[in-house]
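Q: Contents are mmCIF, C-alpha atoms and all ligand atoms; file name run34.cif:
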```cif
data_query
#
loop_
_atom_site.group_PDB
_atom_site.id
_atom_site.type_symbol
_atom_site.label_atom_id
_atom_site.label_comp_id
_atom_site.auth_asym_id
_atom_site.auth_seq_id
_atom_site.Cartn_x
_atom_site.Cartn_y
_atom_site.Cartn_z
ATOM 1 C CA MET A 11 101.521 97.807 131.883
ATOM 2 C CA ARG A 12 103.385 94.863 130.322
ATOM 3 C CA ILE A 13 105.554 96.159 127.510
ATOM 4 C CA ALA A 14 107.587 94.068 125.074
ATOM 5 C CA ILE A 15 110.529 95.882 123.500
ATOM 6 C CA ALA A 16 113.104 95.016 120.861
ATOM 7 C CA SER A 17 115.514 96.626 118.459
ATOM 8 C CA ASP A 18 117.929 95.664 115.771
ATOM 9 C CA HIS A 19 121.649 96.510 115.920
ATOM 10 C CA ALA A 20 120.986 100.098 114.819
ATOM 11 C CA ALA A 21 119.237 101.079 118.033
ATOM 12 C CA VAL A 22 120.491 98.946 120.901
ATOM 13 C CA ALA A 23 121.440 101.913 123.075
ATOM 14 C CA LEU A 24 118.095 103.650 122.574
ATOM 15 C CA ARG A 25 116.184 100.438 123.265
ATOM 16 C CA ARG A 26 118.109 99.874 126.484
ATOM 17 C CA ALA A 27 117.511 103.462 127.593
ATOM 18 C CA LEU A 28 113.774 103.199 126.870
ATOM 19 C CA ALA A 29 113.527 99.831 128.627
ATOM 20 C CA ALA A 30 115.226 101.266 131.706
ATOM 21 C CA GLU A 31 112.918 104.271 131.728
ATOM 22 C CA LEU A 32 109.823 102.136 131.356
ATOM 23 C CA THR A 33 110.952 99.859 134.160
ATOM 24 C CA ALA A 34 111.674 102.843 136.387
ATOM 25 C CA ALA A 35 108.179 104.132 135.629
ATOM 26 C CA GLY A 36 106.719 100.896 136.998
ATOM 27 C CA HIS A 37 106.027 98.974 133.795
ATOM 28 C CA GLU A 38 106.807 95.281 133.412
ATOM 29 C CA VAL A 39 109.258 95.225 130.513
ATOM 30 C CA SER A 40 110.224 92.147 128.502
ATOM 31 C CA ASP A 41 113.333 92.840 126.433
ATOM 32 C CA HIS A 42 113.565 90.718 123.279
ATOM 33 C CA GLY A 43 117.029 91.905 122.158
ATOM 34 C CA ALA A 44 119.050 92.287 120.061
ATOM 35 C CA ASP A 45 122.363 92.062 121.841
ATOM 36 C CA GLU A 46 125.214 94.428 121.189
ATOM 37 C CA GLY A 47 127.833 93.482 118.660
ATOM 38 C CA GLN A 48 125.674 91.460 116.305
ATOM 39 C CA ARG A 49 124.090 92.504 113.036
ATOM 40 C CA VAL A 50 120.542 91.222 112.932
ATOM 41 C CA ASP A 51 117.447 91.412 110.753
ATOM 42 C CA TYR A 52 114.695 93.671 112.080
ATOM 43 C CA PRO A 53 111.780 91.461 110.907
ATOM 44 C CA ASP A 54 112.862 88.783 113.393
ATOM 45 C CA TYR A 55 112.522 91.272 116.246
ATOM 46 C CA ALA A 56 109.288 92.770 114.980
ATOM 47 C CA GLN A 57 107.914 89.230 114.926
ATOM 48 C CA ARG A 58 108.953 88.584 118.536
ATOM 49 C CA VAL A 59 107.354 91.711 119.922
ATOM 50 C CA GLY A 60 104.305 91.385 117.677
ATOM 51 C CA ALA A 61 103.816 87.799 118.830
ATOM 52 C CA ALA A 62 104.024 88.890 122.466
ATOM 53 C CA VAL A 63 101.247 91.423 121.859
ATOM 54 C CA GLN A 64 99.190 88.961 119.822
ATOM 55 C CA SER A 65 99.389 86.326 122.555
ATOM 56 C CA ARG A 66 98.609 88.961 125.189
ATOM 57 C CA ASP A 67 101.858 88.237 127.003
ATOM 58 C CA ALA A 68 102.359 91.975 126.529
ATOM 59 C CA ASP A 69 99.845 94.820 126.501
ATOM 60 C CA ARG A 70 101.936 96.946 124.155
ATOM 61 C CA GLY A 71 105.129 96.730 122.140
ATOM 62 C CA VAL A 72 107.965 99.106 121.320
ATOM 63 C CA LEU A 73 110.206 98.480 118.304
ATOM 64 C CA VAL A 74 113.292 100.456 117.390
ATOM 65 C CA CYS A 75 115.511 100.195 114.330
ATOM 66 C CA GLY A 76 117.539 102.739 112.375
ATOM 67 C CA THR A 77 114.542 104.562 110.939
ATOM 68 C CA GLY A 78 111.643 102.645 112.484
ATOM 69 C CA ILE A 79 110.390 102.010 108.956
ATOM 70 C CA GLY A 80 111.401 98.379 108.638
ATOM 71 C CA MET A 81 110.054 97.513 112.066
ATOM 72 C CA SER A 82 106.705 99.134 111.312
ATOM 73 C CA ILE A 83 106.357 97.453 107.926
ATOM 74 C CA ALA A 84 107.153 94.057 109.441
ATOM 75 C CA ALA A 85 105.015 94.408 112.566
ATOM 76 C CA ASN A 86 101.976 95.488 110.558
ATOM 77 C CA LYS A 87 102.039 92.141 108.733
ATOM 78 C CA LEU A 88 100.876 90.471 111.951
ATOM 79 C CA ALA A 89 97.150 90.101 112.590
ATOM 80 C CA GLY A 90 95.850 92.450 115.227
ATOM 81 C CA ILE A 91 98.996 94.562 115.305
ATOM 82 C CA ARG A 92 98.606 98.278 114.738
ATOM 83 C CA ALA A 93 102.181 99.540 114.620
ATOM 84 C CA ALA A 94 102.732 103.275 114.328
ATOM 85 C CA LEU A 95 105.988 104.874 113.251
ATOM 86 C CA VAL A 96 106.287 108.208 115.018
ATOM 87 C CA HIS A 97 108.847 110.985 115.067
ATOM 88 C CA ASP A 98 107.419 113.464 117.535
ATOM 89 C CA VAL A 99 105.080 113.778 120.489
ATOM 90 C CA THR A 100 102.147 114.838 118.332
ATOM 91 C CA THR A 101 102.215 111.766 116.110
ATOM 92 C CA ALA A 102 102.820 109.565 119.162
ATOM 93 C CA ARG A 103 99.783 111.024 120.924
ATOM 94 C CA LEU A 104 97.607 110.675 117.828
ATOM 95 C CA ALA A 105 98.787 107.086 117.308
ATOM 96 C CA ALA A 106 97.073 106.288 120.599
ATOM 97 C CA GLN A 107 94.126 108.668 120.322
ATOM 98 C CA HIS A 108 93.057 107.922 116.738
ATOM 99 C CA ASN A 109 94.696 104.604 115.832
ATOM 100 C CA ASP A 110 94.862 102.722 119.130
ATOM 101 C CA ALA A 111 98.372 101.677 118.110
ATOM 102 C CA ASN A 112 99.434 98.685 120.155
ATOM 103 C CA VAL A 113 103.033 98.866 118.913
ATOM 104 C CA LEU A 114 105.133 102.031 118.717
ATOM 105 C CA CYS A 115 108.030 102.194 116.272
ATOM 106 C CA LEU A 116 110.901 104.639 116.517
ATOM 107 C CA GLY A 117 114.045 105.315 114.513
ATOM 108 C CA GLY A 118 117.148 105.404 116.634
ATOM 109 C CA ARG A 119 119.118 107.072 113.853
ATOM 110 C CA VAL A 120 116.553 109.792 113.237
ATOM 111 C CA VAL A 121 115.201 110.793 116.635
ATOM 112 C CA GLY A 122 117.189 111.591 119.735
ATOM 113 C CA PRO A 123 116.739 109.828 123.061
ATOM 114 C CA ILE A 124 114.764 112.652 124.658
ATOM 115 C CA VAL A 125 112.276 112.865 121.792
ATOM 116 C CA ALA A 126 111.974 109.073 121.746
ATOM 117 C CA SER A 127 111.317 108.981 125.463
ATOM 118 C CA GLU A 128 108.681 111.702 125.197
ATOM 119 C CA CYS A 129 107.031 109.856 122.314
ATOM 120 C CA VAL A 130 106.727 106.671 124.371
ATOM 121 C CA ALA A 131 105.355 108.576 127.356
ATOM 122 C CA ALA A 132 102.785 110.422 125.226
ATOM 123 C CA TRP A 133 101.662 107.214 123.530
ATOM 124 C CA LEU A 134 101.267 105.360 126.832
ATOM 125 C CA SER A 135 99.394 108.149 128.576
ATOM 126 C CA THR A 136 96.924 109.035 125.830
ATOM 127 C CA PRO A 137 93.591 107.189 125.751
ATOM 128 C CA PHE A 138 91.979 105.921 122.557
ATOM 129 C CA GLU A 139 88.954 107.885 121.399
ATOM 130 C CA ALA A 140 86.154 105.412 120.705
ATOM 131 C CA ARG A 141 84.727 107.567 117.910
ATOM 132 C CA HIS A 142 87.506 106.138 115.707
ATOM 133 C CA GLN A 143 86.592 102.509 116.382
ATOM 134 C CA HIS A 144 84.765 101.924 113.105
ATOM 135 C CA ARG A 145 87.940 102.836 111.214
ATOM 136 C CA LEU A 146 89.932 100.289 113.172
ATOM 137 C CA ASP A 147 87.262 97.727 112.347
ATOM 138 C CA LYS A 148 87.802 98.489 108.676
ATOM 139 C CA ILE A 149 91.559 98.031 109.110
ATOM 140 C CA ALA A 150 90.953 94.666 110.773
ATOM 141 C CA ALA A 151 88.738 93.678 107.846
ATOM 142 C CA LEU A 152 91.698 94.255 105.503
ATOM 143 C CA GLU A 153 93.737 91.545 107.204
ATOM 144 C CA PRO A 154 94.131 88.556 104.884
ATOM 145 C CA SER A 155 93.844 85.900 107.546
ATOM 146 C CA THR A 156 90.837 85.180 109.718
ATOM 147 C CA ASP A 157 92.893 84.578 112.851
ATOM 148 C CA ALA A 158 92.288 88.021 114.277
ATOM 149 C CA LEU A 159 92.586 88.094 118.009
ATOM 150 C CA PRO A 160 89.449 87.299 119.980
ATOM 151 C CA GLY A 161 87.912 90.494 121.195
ATOM 152 C CA ASP A 162 90.364 92.539 119.196
ATOM 153 C CA ARG A 163 89.291 95.954 118.087
HETATM 154 C C1 LIG B 1 119.739 98.464 109.355
HETATM 155 O O1 LIG B 1 120.869 98.860 108.692
HETATM 156 C C2 LIG B 1 118.555 99.351 108.954
HETATM 157 O O2 LIG B 1 118.185 99.080 107.651
HETATM 158 C C3 LIG B 1 117.396 99.151 109.904
HETATM 159 O O3 LIG B 1 117.793 99.461 111.195
HETATM 160 C C4 LIG B 1 116.159 99.991 109.654
HETATM 161 O O4 LIG B 1 116.477 101.341 109.535
HETATM 162 C C5 LIG B 1 115.283 99.522 108.574
HETATM 163 O O5 LIG B 1 114.187 100.055 108.342
#
```
Could the structure of this file be written out as structure tokens, please?
A:
Amino acid sequence: MRIAIASDHAAVALRRALAAELTAAGHEVSDHGADEGQRVDYPDYAQRVGAAVQSRDADRGVLVCGTGIGMSIAANKLAGIRAALVHDVTTARLAAQHNDANVLCLGGRVVGPIVASECVAAWLSTPFEARHQHRLDKIAALEPSTDALPGDR
């Protein structure tokens, strides 16, 4: 799978660890920063990963900031992006199963690296259940713009 990943300054180490794990697992990872030693604004990084998913340069995205909250708020402004903030394996699994989340958001200051890693693995390995599709269609209908992705759910 092609996975775009980014973080702000609050979660550089966790992002790097997740990127390395995903690469080792055979995924094609595109790392959109941020670099160490700079204070950055998480919306800029949510936009980069969201745009990669929107353009289909990436199949999925992972965003990490201090809490994951800012990244999820920002990413969900983008048409076709379903970003889920998760804190445990159960919510990560359900984000895939019920919500078909195409972006996973994590808080590097509130979850440890093992939990974060297990969340990503659960989200990637859990299939979407089609019985929830009509709810995703209703979410898409809430988007203000009409530039939803072709063929998007
Ligand atoms: C940065 O200090 C922090 O606000 C950010 O990483 C994130 O937690 C925002 O939601």
Q: Of the candidates A:Ala151, A:Leu32, A:Leu95, A:Val39, which one gets nearest to ligand LIG 1 (chain B) if we count all atoms listed in the file?
A: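 When distances to ligand LIG 1 (chain B) are compared using all atoms listed in the file, the smallest one comes from A:Leu95.
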Q: Decode the PyMOL selection byres (((chain A and resi 42-46) around 12) and not hetatm) for the given file into explicit residues and return them as number ranges by chain.
A: A: 13-26, 29, 39-41, 47-62, 68, 71-75
Q: What is the distance between atom O1 of ligand LIG 1 (chain B) and atom CA of A:Arg119, in Å to one decimal?
A: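 For atom O1 of ligand LIG 1 (chain B) relative to atom CA of A:Arg119, the distance reads 9.9 Å.
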Q: How big is the axis-aligned box, and where does its centre sit, when it encloses all atoms of ligand LIG 1 (chain B) listed in the file and has 5 Å added on every side, reported in Å to one decimal as JSON?
A:
```
{"center_x": 117.5, "center_y": 99.9, "center_z": 109.4, "size_x": 16.7, "size_y": 12.9, "size_z": 13.5}
```
Q: Record the distance separating atom CA of A:Gly118 and atom CA of A:Ala102, expressed in Å with one decimal.
A: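 Separating atom CA of A:Gly118 from atom CA of A:Ala102 is a distance of 15.1 Å.
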Q: Given all atoms listed in the file as the basis, pick out the residue of A:Ile149, A:Leu116, A:Ala111, A:Ala106 nearest to A:Thr136.
A: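 Ranked by minimum distance to A:Thr136, first place goes to A:Ala106.
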Q: In Å, how far is it from atom CA of A:Ser135 to atom CA of A:Ala85?
A: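 Interatomic distance, atom CA of A:Ser135 to atom CA of A:Ala85: 21.8 Å.
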Q: Once the PyMOL selection byres (((chain A and resi 97) around 10) and not hetatm) has been applied to the shown file, what residues remain in the selection, as a list of chain:residue names?
A: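 On the file shown, the PyMOL selection byres (((chain A and resi 97) around 10) and not hetatm) covers A:Thr77, A:Gly78, A:Ala94, A:Leu95, A:Val96, A:Asp98, A:Val99, A:Thr100, A:Thr101, A:Ala102, A:Cys115, A:Leu116, A:Gly117, A:Val120, A:Val121, A:Gly122, A:Val125, A:Ala126, A:Cys129.
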Q: Under the rule that only C-alpha atoms are counted, which of A:His144, A:Arg103, A:His108, A:Ser82 is the nearest residue to A:Ala132?
A: A:Arg103
Q: Find, counting only C-alpha atoms and all ligand atoms, the residue in A:Ile79, A:Leu28, A:Ala93, A:Leu88 that gets nearest to ligand LIG 1 (chain B).
A: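 Once distances to ligand LIG 1 (chain B) are computed over only C-alpha atoms and all ligand atoms, the minimum belongs to A:Ile79.
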Q: From the set A:Asp69, A:Ala140, A:Ile124, A:Gly80, which residue has the shortest atom-to-atom contact distance to ligand LIG 1 (chain B), counting all atoms listed in the file?
A: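 Closest to ligand LIG 1 (chain B), using all atoms listed in the file: A:Gly80.
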Q: From the list A:Val63, A:Met11, A:Ala30, A:Ala84, which residue is nearest ligand LIG 1 (chain B) when using only C-alpha atoms and all ligand atoms?
A: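 Selected residue with least distance to ligand LIG 1 (chain B): A:Ala84.
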Q: Just the residues within 12 Å of A:Arg141, please, counting all atoms listed in the file, with nothing from its chain fewer than 5 positions along; format it as a PyMOL selection string.
A: chain A and resi 107-110+146-147
Q: Could N, CA, C and O atoms be built for stretch 80-92 of chain A and written out as a PDB file, keeping the file's coordinate frame?
A:
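Wrote it out as rebuild.pdb, contents follow:
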```pdb
ATOM      1  N   GLY A  80     111.424  99.829 108.825  1.00  0.00           N
ATOM      2  CA  GLY A  80     111.401  98.379 108.638  1.00  0.00           C
ATOM      3  C   GLY A  80     110.607  97.683 109.729  1.00  0.00           C
ATOM      4  O   GLY A  80     109.814  96.764 109.454  1.00  0.00           O
ATOM      5  N   MET A  81     110.803  98.115 110.954  1.00  0.00           N
ATOM      6  CA  MET A  81     110.054  97.513 112.066  1.00  0.00           C
ATOM      7  C   MET A  81     108.554  97.704 111.873  1.00  0.00           C
ATOM      8  O   MET A  81     107.755  96.782 112.111  1.00  0.00           O
ATOM      9  N   SER A  82     108.144  98.885 111.447  1.00  0.00           N
ATOM     10  CA  SER A  82     106.705  99.134 111.312  1.00  0.00           C
ATOM     11  C   SER A  82     106.127  98.337 110.150  1.00  0.00           C
ATOM     12  O   SER A  82     105.024  97.779 110.269  1.00  0.00           O
ATOM     13  N   ILE A  83     106.853  98.254 109.057  1.00  0.00           N
ATOM     14  CA  ILE A  83     106.357  97.453 107.926  1.00  0.00           C
ATOM     15  C   ILE A  83     106.192  96.000 108.352  1.00  0.00           C
ATOM     16  O   ILE A  83     105.163  95.364 108.091  1.00  0.00           O
ATOM     17  N   ALA A  84     107.197  95.478 109.038  1.00  0.00           N
ATOM     18  CA  ALA A  84     107.153  94.057 109.441  1.00  0.00           C
ATOM     19  C   ALA A  84     106.055  93.804 110.473  1.00  0.00           C
ATOM     20  O   ALA A  84     105.271  92.861 110.339  1.00  0.00           O
ATOM     21  N   ALA A  85     105.990  94.648 111.494  1.00  0.00           N
ATOM     22  CA  ALA A  85     105.015  94.408 112.566  1.00  0.00           C
ATOM     23  C   ALA A  85     103.582  94.478 112.050  1.00  0.00           C
ATOM     24  O   ALA A  85     102.705  93.740 112.514  1.00  0.00           O
ATOM     25  N   ASN A  86     103.346  95.341 111.080  1.00  0.00           N
ATOM     26  CA  ASN A  86     101.976  95.488 110.558  1.00  0.00           C
ATOM     27  C   ASN A  86     101.536  94.320 109.686  1.00  0.00           C
ATOM     28  O   ASN A  86     100.377  94.265 109.272  1.00  0.00           O
ATOM     29  N   LYS A  87     102.436  93.374 109.434  1.00  0.00           N
ATOM     30  CA  LYS A  87     102.039  92.141 108.733  1.00  0.00           C
ATOM     31  C   LYS A  87     101.321  91.181 109.660  1.00  0.00           C
ATOM     32  O   LYS A  87     100.698  90.223 109.213  1.00  0.00           O
ATOM     33  N   LEU A  88     101.426  91.407 110.964  1.00  0.00           N
ATOM     34  CA  LEU A  88     100.876  90.471 111.951  1.00  0.00           C
ATOM     35  C   LEU A  88      99.449  90.855 112.304  1.00  0.00           C
ATOM     36  O   LEU A  88      99.149  92.023 112.573  1.00  0.00           O
ATOM     37  N   ALA A  89      98.566  89.859 112.319  1.00  0.00           N
ATOM     38  CA  ALA A  89      97.150  90.101 112.590  1.00  0.00           C
ATOM     39  C   ALA A  89      96.974  90.762 113.946  1.00  0.00           C
ATOM     40  O   ALA A  89      97.580  90.340 114.935  1.00  0.00           O
ATOM     41  N   GLY A  90      96.166  91.779 113.964  1.00  0.00           N
ATOM     42  CA  GLY A  90      95.850  92.450 115.227  1.00  0.00           C
ATOM     43  C   GLY A  90      96.863  93.477 115.659  1.00  0.00           C
ATOM     44  O   GLY A  90      96.646  94.171 116.648  1.00  0.00           O
ATOM     45  N   ILE A  91      97.974  93.578 114.941  1.00  0.00           N
ATOM     46  CA  ILE A  91      98.996  94.562 115.305  1.00  0.00           C
ATOM     47  C   ILE A  91      98.746  95.866 114.544  1.00  0.00           C
ATOM     48  O   ILE A  91      98.596  95.869 113.324  1.00  0.00           O
ATOM     49  N   ARG A  92      98.697  96.935 115.314  1.00  0.00           N
ATOM     50  CA  ARG A  92      98.606  98.278 114.738  1.00  0.00           C
ATOM     51  C   ARG A  92      99.867  99.011 115.168  1.00  0.00           C
ATOM     52  O   ARG A  92      99.935  99.545 116.284  1.00  0.00           O
TER      53      ARG A  92
END
```
